[in-house]
>>> print(open('run-v3.cif').read())   # mmCIF, C-alpha atoms
data_input
#
loop_
_atom_site.group_PDB
_atom_site.id
_atom_site.type_symbol
_atom_site.label_atom_id
_atom_site.label_comp_id
_atom_site.auth_asym_id
_atom_site.auth_seq_id
_atom_site.Cartn_x
_atom_site.Cartn_y
_atom_site.Cartn_z
ATOM 1 C CA MET A 1 0.000 0.000 0.000
ATOM 2 C CA THR A 2 1.287 3.447 -0.912
ATOM 3 C CA SER A 3 1.452 6.018 1.873
ATOM 4 C CA PRO A 4 -0.707 9.129 1.473
ATOM 5 C CA GLY A 5 1.109 11.785 -0.550
ATOM 6 C CA VAL A 6 3.662 9.313 -1.946
ATOM 7 C CA PRO A 7 3.420 8.842 -5.743
ATOM 8 C CA THR A 8 2.467 5.370 -6.891
ATOM 9 C CA LEU A 9 4.653 3.358 -9.260
ATOM 10 C CA ARG A 10 2.296 4.241 -12.116
ATOM 11 C CA GLU A 11 2.459 7.950 -11.248
ATOM 12 C CA ARG A 12 6.252 7.866 -11.091
ATOM 13 C CA LYS A 13 6.400 6.122 -14.459
ATOM 14 C CA ARG A 14 4.104 8.735 -16.014
ATOM 15 C CA GLU A 15 6.230 11.542 -14.598
ATOM 16 C CA ARG A 16 9.409 9.964 -16.007
ATOM 17 C CA THR A 17 7.783 9.627 -19.429
ATOM 18 C CA ARG A 18 6.558 13.218 -19.288
ATOM 19 C CA ALA A 19 10.029 14.445 -18.333
ATOM 20 C CA ALA A 20 11.550 12.409 -21.174
ATOM 21 C CA ILE A 21 9.175 14.017 -23.685
ATOM 22 C CA VAL A 22 10.046 17.504 -22.445
ATOM 23 C CA ALA A 23 13.770 16.746 -22.538
ATOM 24 C CA ALA A 24 13.570 15.265 -26.047
ATOM 25 C CA GLY A 25 11.482 18.116 -27.384
ATOM 26 C CA THR A 26 13.558 20.935 -25.953
ATOM 27 C CA ASP A 27 16.771 19.279 -27.134
ATOM 28 C CA LEU A 28 15.427 18.987 -30.690
ATOM 29 C CA PHE A 29 14.060 22.535 -30.666
ATOM 30 C CA ALA A 30 17.463 23.850 -29.625
ATOM 31 C CA ARG A 31 19.533 21.713 -32.027
ATOM 32 C CA VAL A 32 17.287 21.311 -35.066
ATOM 33 C CA GLY A 33 14.798 24.154 -34.787
ATOM 34 C CA TYR A 34 11.198 24.436 -33.647
ATOM 35 C CA ASP A 35 9.551 24.422 -37.075
ATOM 36 C CA GLU A 36 11.834 21.634 -38.295
ATOM 37 C CA THR A 37 10.917 19.356 -35.367
ATOM 38 C CA THR A 38 7.785 17.225 -35.658
ATOM 39 C CA VAL A 39 5.797 15.441 -32.966
ATOM 40 C CA ALA A 40 6.976 12.167 -34.534
ATOM 41 C CA ASP A 41 10.599 13.307 -34.105
ATOM 42 C CA ILE A 42 9.999 14.072 -30.427
ATOM 43 C CA ALA A 43 8.216 10.780 -29.833
ATOM 44 C CA ALA A 44 11.037 8.825 -31.465
ATOM 45 C CA ALA A 45 13.671 10.655 -29.403
ATOM 46 C CA ALA A 46 11.699 9.932 -26.218
ATOM 47 C CA ASP A 47 11.263 6.272 -27.275
ATOM 48 C CA ILE A 48 7.468 6.433 -27.295
ATOM 49 C CA GLY A 49 4.731 6.400 -29.929
ATOM 50 C CA THR A 50 2.994 9.510 -31.208
ATOM 51 C CA ARG A 51 -0.267 8.404 -29.564
ATOM 52 C CA THR A 52 1.551 8.320 -26.235
ATOM 53 C CA PHE A 53 2.880 11.826 -26.876
ATOM 54 C CA PHE A 54 -0.659 13.134 -27.301
ATOM 55 C CA SER A 55 -1.749 11.531 -24.038
ATOM 56 C CA TYR A 56 0.669 13.938 -22.310
ATOM 57 C CA PHE A 57 0.639 17.054 -24.509
ATOM 58 C CA ALA A 58 -1.921 18.369 -26.997
ATOM 59 C CA SER A 59 0.756 19.974 -29.190
ATOM 60 C CA LYS A 60 4.497 20.404 -29.388
ATOM 61 C CA GLU A 61 4.383 23.995 -28.058
ATOM 62 C CA GLU A 62 2.634 22.752 -24.920
ATOM 63 C CA LEU A 63 5.708 20.835 -23.803
ATOM 64 C CA LEU A 64 7.508 24.172 -23.398
ATOM 65 C CA PHE A 65 5.143 24.982 -20.508
ATOM 66 C CA PRO A 66 5.276 21.789 -18.414
ATOM 67 C CA ALA A 67 5.051 23.575 -15.052
ATOM 68 C CA SER A 68 2.199 25.987 -15.788
ATOM 69 C CA ASP A 69 -0.257 24.089 -13.578
ATOM 70 C CA ALA A 70 2.358 23.782 -10.833
ATOM 71 C CA ARG A 71 2.906 27.555 -10.858
ATOM 72 C CA VAL A 72 -0.802 28.190 -10.425
ATOM 73 C CA SER A 73 -0.985 25.589 -7.651
ATOM 74 C CA ALA A 74 1.955 27.243 -5.877
ATOM 75 C CA ALA A 75 0.145 30.589 -5.943
ATOM 76 C CA LEU A 76 -3.064 29.060 -4.597
ATOM 77 C CA ARG A 77 -1.179 27.315 -1.792
ATOM 78 C CA ALA A 78 0.622 30.536 -0.877
ATOM 79 C CA ILE A 79 -2.704 32.360 -0.701
ATOM 80 C CA ASP A 80 -4.183 29.636 1.489
ATOM 81 C CA ALA A 81 -1.117 29.696 3.782
ATOM 82 C CA ARG A 82 -1.169 33.491 4.198
ATOM 83 C CA ARG A 83 -0.630 35.029 7.615
ATOM 84 C CA PRO A 84 -2.903 37.739 9.011
ATOM 85 C CA VAL A 85 -0.208 40.359 8.355
ATOM 86 C CA ASP A 86 0.377 39.321 4.729
ATOM 87 C CA ARG A 87 -0.719 41.583 1.907
ATOM 88 C CA PRO A 88 -1.793 40.211 -1.495
ATOM 89 C CA VAL A 89 1.606 41.130 -2.940
ATOM 90 C CA ASP A 90 3.360 39.237 -0.132
ATOM 91 C CA VAL A 91 1.655 35.949 -0.943
ATOM 92 C CA LEU A 92 2.336 36.316 -4.673
ATOM 93 C CA LEU A 93 6.027 36.948 -4.014
ATOM 94 C CA GLN A 94 6.065 33.903 -1.728
ATOM 95 C CA SER A 95 4.579 31.801 -4.517
ATOM 96 C CA LEU A 96 7.468 32.872 -6.746
ATOM 97 C CA LEU A 97 9.916 31.572 -4.131
ATOM 98 C CA ASP A 98 7.975 28.313 -3.938
ATOM 99 C CA VAL A 99 7.998 27.870 -7.720
ATOM 100 C CA ARG A 100 11.736 28.404 -7.863
ATOM 101 C CA ALA A 101 12.302 25.828 -5.112
ATOM 102 C CA SER A 102 10.252 23.183 -6.935
ATOM 103 C CA ASP A 103 11.439 23.676 -10.534
ATOM 104 C CA ASP A 104 14.606 25.684 -11.019
ATOM 105 C CA ASP A 105 15.067 24.899 -14.717
ATOM 106 C CA ASP A 106 11.573 25.977 -15.724
ATOM 107 C CA LEU A 107 11.936 29.415 -14.146
ATOM 108 C CA VAL A 108 15.538 30.536 -14.690
ATOM 109 C CA GLY A 109 17.296 27.602 -16.376
ATOM 110 C CA GLY A 110 17.771 26.270 -19.872
ATOM 111 C CA LEU A 111 14.098 25.496 -20.469
ATOM 112 C CA ALA A 112 13.135 29.049 -19.499
ATOM 113 C CA GLY A 113 15.740 30.524 -21.822
ATOM 114 C CA LEU A 114 14.647 28.392 -24.773
ATOM 115 C CA ARG A 115 10.992 29.188 -24.159
ATOM 116 C CA MET A 116 11.686 32.941 -24.047
ATOM 117 C CA SER A 117 13.675 32.723 -27.276
ATOM 118 C CA LEU A 118 10.915 30.827 -29.093
ATOM 119 C CA MET A 119 8.239 33.179 -27.747
ATOM 120 C CA ARG A 120 9.954 35.996 -29.615
ATOM 121 C CA THR A 121 10.191 34.130 -32.918
ATOM 122 C CA VAL A 122 7.415 31.511 -33.102
ATOM 123 C CA PRO A 123 3.793 32.748 -33.165
ATOM 124 C CA ALA A 124 2.405 29.418 -31.920
ATOM 125 C CA VAL A 125 4.646 29.479 -28.849
ATOM 126 C CA ARG A 126 3.869 33.146 -28.204
ATOM 127 C CA GLY A 127 0.146 32.429 -28.483
ATOM 128 C CA ARG A 128 0.388 29.499 -26.094
ATOM 129 C CA SER A 129 2.310 31.659 -23.633
ATOM 130 C CA LEU A 130 -0.381 34.335 -23.674
ATOM 131 C CA GLN A 131 -3.100 31.726 -23.124
ATOM 132 C CA VAL A 132 -1.187 30.177 -20.219
ATOM 133 C CA GLN A 133 -0.735 33.593 -18.627
ATOM 134 C CA LEU A 134 -4.391 34.550 -19.076
ATOM 135 C CA ASP A 135 -5.651 31.254 -17.636
ATOM 136 C CA ALA A 136 -3.283 31.603 -14.681
ATOM 137 C CA GLN A 137 -4.330 35.200 -14.044
ATOM 138 C CA ARG A 138 -8.024 34.320 -13.961
ATOM 139 C CA THR A 139 -7.583 31.376 -11.601
ATOM 140 C CA ILE A 140 -5.180 33.086 -9.206
ATOM 141 C CA ALA A 141 -7.130 36.358 -9.164
ATOM 142 C CA GLN A 142 -10.364 34.551 -8.330
ATOM 143 C CA HIS A 143 -8.676 32.820 -5.404
ATOM 144 C CA LEU A 144 -7.004 36.057 -4.288
ATOM 145 C CA ALA A 145 -10.310 37.943 -4.317
ATOM 146 C CA GLN A 146 -11.875 35.263 -2.156
ATOM 147 C CA ALA A 147 -8.986 35.454 0.322
ATOM 148 C CA PHE A 148 -8.927 39.262 0.363
ATOM 149 C CA PRO A 149 -12.593 40.323 -0.088
ATOM 150 C CA GLU A 150 -11.652 43.996 0.197
ATOM 151 C CA LEU A 151 -9.931 43.757 -3.183
ATOM 152 C CA GLY A 152 -12.829 42.831 -5.404
ATOM 153 C CA ASP A 153 -12.460 41.116 -8.763
ATOM 154 C CA VAL A 154 -11.088 44.111 -10.652
ATOM 155 C CA ASP A 155 -8.275 44.914 -8.214
ATOM 156 C CA ALA A 156 -7.411 41.222 -7.750
ATOM 157 C CA ASN A 157 -7.022 40.778 -11.506
ATOM 158 C CA ALA A 158 -4.976 43.969 -11.748
ATOM 159 C CA ILE A 159 -2.567 42.833 -9.024
ATOM 160 C CA VAL A 160 -2.147 39.329 -10.443
ATOM 161 C CA GLY A 161 -1.788 40.695 -13.966
ATOM 162 C CA ALA A 162 0.912 43.093 -12.779
ATOM 163 C CA PHE A 163 2.669 40.228 -10.972
ATOM 164 C CA ILE A 164 2.665 37.908 -13.993
ATOM 165 C CA GLY A 165 3.676 40.745 -16.297
ATOM 166 C CA ALA A 166 6.546 41.746 -14.021
ATOM 167 C CA VAL A 167 7.896 38.191 -13.874
ATOM 168 C CA THR A 168 7.616 37.791 -17.642
ATOM 169 C CA GLY A 169 9.154 41.188 -18.326
ATOM 170 C CA ALA A 170 12.146 40.625 -16.057
ATOM 171 C CA LEU A 171 12.811 37.149 -17.440
ATOM 172 C CA GLY A 172 12.389 38.407 -20.981
ATOM 173 C CA VAL A 173 15.357 40.734 -20.535
ATOM 174 C CA LEU A 174 17.553 38.548 -18.346
ATOM 175 C CA LEU A 175 17.151 35.485 -20.569
ATOM 176 C CA ALA A 176 17.294 37.345 -23.881
ATOM 177 C CA GLY A 177 20.972 36.563 -24.400
ATOM 178 C CA PRO A 178 24.339 36.193 -22.657
ATOM 179 C CA ALA A 179 24.967 39.943 -22.507
ATOM 180 C CA ASP A 180 21.770 40.467 -20.526
ATOM 181 C CA ALA A 181 22.708 37.985 -17.804
ATOM 182 C CA LEU A 182 26.101 39.311 -16.721
ATOM 183 C CA ASP A 183 27.074 40.845 -13.405
ATOM 184 C CA ALA A 184 29.029 44.080 -12.959
ATOM 185 C CA SER A 185 32.345 42.299 -13.560
ATOM 186 C CA GLY A 186 31.140 40.724 -16.801
ATOM 187 C CA ALA A 187 30.750 37.224 -15.343
ATOM 188 C CA ALA A 188 27.640 35.192 -16.131
ATOM 189 C CA LEU A 189 24.973 35.292 -13.455
ATOM 190 C CA THR A 190 24.297 32.035 -11.638
ATOM 191 C CA ARG A 191 20.756 30.725 -11.385
ATOM 192 C CA ASP A 192 20.605 32.008 -7.803
ATOM 193 C CA GLU A 193 21.655 35.459 -8.989
ATOM 194 C CA LEU A 194 19.220 35.403 -11.905
ATOM 195 C CA PHE A 195 16.363 34.506 -9.613
ATOM 196 C CA ALA A 196 17.377 37.168 -7.091
ATOM 197 C CA ARG A 197 17.289 39.742 -9.901
ATOM 198 C CA VAL A 198 13.843 38.584 -11.004
ATOM 199 C CA HIS A 199 12.438 38.484 -7.472
ATOM 200 C CA GLY A 200 13.864 41.888 -6.667
ATOM 201 C CA SER A 201 12.538 43.422 -9.873
ATOM 202 C CA VAL A 202 9.050 42.014 -9.299
ATOM 203 C CA ARG A 203 9.045 43.272 -5.709
ATOM 204 C CA GLN A 204 10.064 46.713 -6.946
ATOM 205 C CA ALA A 205 7.447 46.706 -9.684
ATOM 206 C CA LEU A 206 4.676 45.887 -7.205
ATOM 207 C CA ALA A 207 5.850 48.230 -4.458
ATOM 208 C CA PRO A 208 3.523 51.132 -3.561
ATOM 209 C CA ARG A 209 4.595 54.390 -5.175
#
>>> encode(input="run-v3.cif", output="structure tokens")
Amino acid sequence: MTSPGVPTLRERKRERTRAAIVAAGTDLFARVGYDETTVADIAAAADIGTRTFFSYFASKEELLFPASDARVSAALRAIDARRPVDRPVDVLLQSLLDVRASDDDDLVGGLAGLRMSLMRTVPAVRGRSLQVQLDAQRTIAQHLAQAFPELGDVDANAIVGAFIGAVTGALGVLLAGPADALDASGAALTRDELFARVHGSVRQALAPR
């Protein structure tokens, strides 16, 4: 019997397959090119069939956003775990810390950099990104408004939209290319330093003026 909260063998196998698809797809996108890579290519590289691919992802651009649900869940958990002294901005910033702790590569690593690059050049990826952001904003804002009734739906959506936009904007610059991710001495920023820059920029963007 599996203990509560411990993934079953089947769940672990599905997660390994999902991770293999993401790894195969991102590797091919980076080496061969997004448009030149087909779902069949990704499936073959992950040693699965195309039907299996579609049981995990509806399209090849979707595999570039494997942690979108986890990010939303992190925000909802942070809202639920709020302290009486916490402001809406505080819980959103905490959710950013939680996301980083659970999936470093998706936020400031190689996957994040590739996704940002393709968002600038591939309409399908850019469109998927906008849909992911809009869906996340609606879900998180609804939960935030329930937790902080004084906000109302309009203000809750404005705060969450500003939060998501600030994260995306900061990452868009920092991950745009090597020259944008250097420290004052010209050395490449580590992932810890990149995240600190993002977190600090988002905090500044959401600070009262």
>>> resolve_selection(input="run-v3.cif", expression="the PyMOL selection byres ((chain A and resi 42-49) around 10)", output="list in words")
Thr17, Arg18, Ala19, Ala20, Ile21, Val22, Ala23, Ala24, Gly25, Thr26, Asp27, Leu28, Phe29, Thr37, Thr38, Val39, Ala40, Asp41, Thr50, Arg51, Thr52, Phe53, Phe54 and Lys60 of chain A
>>> resolve_selection(input="run-v3.cif", expression="the PyMOL selection byres ((chain A and resi 156) around 10)", output="list in words")
Pro88, Gln137, Arg138, Ile140, Ala141, Gln142, His143, Leu144, Ala145, Gln146, Phe148, Pro149, Glu150, Leu151, Gly152, Asp153, Val154, Asp155, Asn157, Ala158, Ile159, Val160, Gly161 and Ala162 of chain A
>>> resolve_selection(input="run-v3.cif", expression="the PyMOL selection byres ((chain A and resi 64) around 8)", output="ChimeraX atom specification")
/A:22,26,60-63,65-66,111,115
>>> residues_around(input="run-v3.cif", residues="A:Leu96", least_positions_apart="2", cutoff="9 Å", atoms="all atoms listed in the file", output="PyMOL selection string")
chain A and resi 71+74-75+91-94+98-101+167+199
>>> write_last_selection(input="run-v3.cif", atoms="C-alpha atoms", output="PDB file, keeping the file's coordinate frame")
ATOM      1  CA  ARG A  71       2.906  27.555 -10.858  1.00  0.00           C
ATOM      2  CA  ALA A  74       1.955  27.243  -5.877  1.00  0.00           C
ATOM      3  CA  ALA A  75       0.145  30.589  -5.943  1.00  0.00           C
ATOM      4  CA  VAL A  91       1.655  35.949  -0.943  1.00  0.00           C
ATOM      5  CA  LEU A  92       2.336  36.316  -4.673  1.00  0.00           C
ATOM      6  CA  LEU A  93       6.027  36.948  -4.014  1.00  0.00           C
ATOM      7  CA  GLN A  94       6.065  33.903  -1.728  1.00  0.00           C
ATOM      8  CA  ASP A  98       7.975  28.313  -3.938  1.00  0.00           C
ATOM      9  CA  VAL A  99       7.998  27.870  -7.720  1.00  0.00           C
ATOM     10  CA  ARG A 100      11.736  28.404  -7.863  1.00  0.00           C
ATOM     11  CA  ALA A 101      12.302  25.828  -5.112  1.00  0.00           C
ATOM     12  CA  VAL A 167       7.896  38.191 -13.874  1.00  0.00           C
ATOM     13  CA  HIS A 199      12.438  38.484  -7.472  1.00  0.00           C
TER      14      HIS A 199
END
>>> atom_distance(input="run-v3.cif", atom1="atom CA of A:Ser201", atom2="atom CA of A:Ala170")
6.8 Å
>>> atom_distance(input="run-v3.cif", atom1="atom CA of A:Arg128", atom2="atom CA of A:Arg10")
28.9 Å
>>> closest_residue(input="run-v3.cif", among="A:Ile79, A:Leu206, A:Ala30, A:Leu9", to="A:Leu118", atoms="all atoms listed in the file")
A:Ala30
>>> residues_around(input="run-v3.cif", residues="A:Ala176", least_positions_apart="3", cutoff="8 Å", atoms="all atoms listed in the file", output="ChimeraX atom specification")
/A:113,116-117,171-173,180
>>> atom_distance(input="run-v3.cif", atom1="atom CA of A:Leu174", atom2="atom CA of A:Met119")
14.3 Å
>>> closest_residue(input="run-v3.cif", among="A:Ala70, A:Val89, A:Ala207, A:Ile164", to="A:Ser129", atoms="only C-alpha atoms")
A:Ile164
>>> closest_residue(input="run-v3.cif", among="A:Ala124, A:Ala136, A:Glu15, A:Leu114", to="A:Ser59", atoms="all atoms listed in the file")
A:Ala124
>>> closest_residue(input="run-v3.cif", among="A:Arg16, A:Leu175, A:Pro7, A:Tyr34", to="A:Val125", atoms="all atoms listed in the file")
A:Tyr34
>>> closest_residue(input="run-v3.cif", among="A:Arg31, A:Val6, A:Ser68, A:Ala205", to="A:Gln131", atoms="only C-alpha atoms")
A:Ser68
>>> build_atoms(input="run-v3.cif", residues="stretch 79-99 of chain A", atoms="N, CA, C and O atoms", output="short mmCIF file (atom, residue, chain, number, x, y, z; two decimals), in the frame of the given file")
data_model
loop_
_atom_site.label_atom_id
_atom_site.label_comp_id
_atom_site.auth_asym_id
_atom_site.auth_seq_id
_atom_site.Cartn_x
_atom_site.Cartn_y
_atom_site.Cartn_z
N ILE A 79 -1.55 31.57 -1.15
CA ILE A 79 -2.70 32.36 -0.70
C ILE A 79 -3.37 31.68 0.49
O ILE A 79 -3.70 32.33 1.49
N ASP A 80 -3.54 30.37 0.40
CA ASP A 80 -4.18 29.64 1.49
C ASP A 80 -3.35 29.66 2.77
O ASP A 80 -3.89 29.61 3.88
N ALA A 81 -2.02 29.73 2.62
CA ALA A 81 -1.12 29.70 3.78
C ALA A 81 -0.79 31.10 4.30
O ALA A 81 0.09 31.25 5.15
N ARG A 82 -1.47 32.10 3.80
CA ARG A 82 -1.17 33.49 4.20
C ARG A 82 -1.32 33.69 5.70
O ARG A 82 -2.13 33.03 6.35
N ARG A 83 -0.53 34.62 6.22
CA ARG A 83 -0.63 35.03 7.62
C ARG A 83 -1.52 36.26 7.70
O ARG A 83 -1.71 36.97 6.70
N PRO A 84 -2.03 36.56 8.87
CA PRO A 84 -2.90 37.74 9.01
C PRO A 84 -2.23 39.03 8.57
O PRO A 84 -2.92 39.96 8.12
N VAL A 85 -0.91 39.11 8.70
CA VAL A 85 -0.21 40.36 8.36
C VAL A 85 0.15 40.44 6.88
O VAL A 85 0.60 41.48 6.40
N ASP A 86 -0.03 39.35 6.14
CA ASP A 86 0.38 39.32 4.73
C ASP A 86 -0.57 40.14 3.85
O ASP A 86 -1.79 40.08 3.99
N ARG A 87 0.04 40.87 2.93
CA ARG A 87 -0.72 41.58 1.91
C ARG A 87 -0.81 40.69 0.66
O ARG A 87 -0.07 39.72 0.54
N PRO A 88 -1.71 41.01 -0.26
CA PRO A 88 -1.79 40.21 -1.50
C PRO A 88 -0.45 40.08 -2.21
O PRO A 88 -0.09 39.00 -2.69
N VAL A 89 0.30 41.17 -2.28
CA VAL A 89 1.61 41.13 -2.94
C VAL A 89 2.56 40.17 -2.23
O VAL A 89 3.35 39.47 -2.87
N ASP A 90 2.48 40.12 -0.90
CA ASP A 90 3.36 39.24 -0.13
C ASP A 90 3.15 37.77 -0.51
O ASP A 90 4.13 37.02 -0.69
N VAL A 91 1.90 37.36 -0.65
CA VAL A 91 1.66 35.95 -0.94
C VAL A 91 2.05 35.62 -2.38
O VAL A 91 2.50 34.50 -2.67
N LEU A 92 1.91 36.57 -3.29
CA LEU A 92 2.34 36.32 -4.67
C LEU A 92 3.85 36.20 -4.76
O LEU A 92 4.38 35.33 -5.48
N LEU A 93 4.56 37.05 -4.04
CA LEU A 93 6.03 36.95 -4.01
C LEU A 93 6.47 35.64 -3.37
O LEU A 93 7.45 35.03 -3.80
N GLN A 94 5.74 35.19 -2.35
CA GLN A 94 6.06 33.90 -1.73
C GLN A 94 5.86 32.77 -2.72
O GLN A 94 6.65 31.81 -2.76
N SER A 95 4.82 32.86 -3.54
CA SER A 95 4.58 31.80 -4.52
C SER A 95 5.71 31.72 -5.53
O SER A 95 6.05 30.64 -6.02
N LEU A 96 6.33 32.87 -5.83
CA LEU A 96 7.47 32.87 -6.75
C LEU A 96 8.64 32.12 -6.13
O LEU A 96 9.34 31.35 -6.81
N LEU A 97 8.87 32.32 -4.84
CA LEU A 97 9.92 31.57 -4.13
C LEU A 97 9.62 30.08 -4.15
O LEU A 97 10.52 29.26 -4.35
N ASP A 98 8.36 29.73 -3.96
CA ASP A 98 7.98 28.31 -3.94
C ASP A 98 8.16 27.66 -5.30
O ASP A 98 8.60 26.51 -5.40
N VAL A 99 7.82 28.40 -6.36
CA VAL A 99 8.00 27.87 -7.72
C VAL A 99 9.46 27.62 -8.00
O VAL A 99 9.85 26.57 -8.55
#
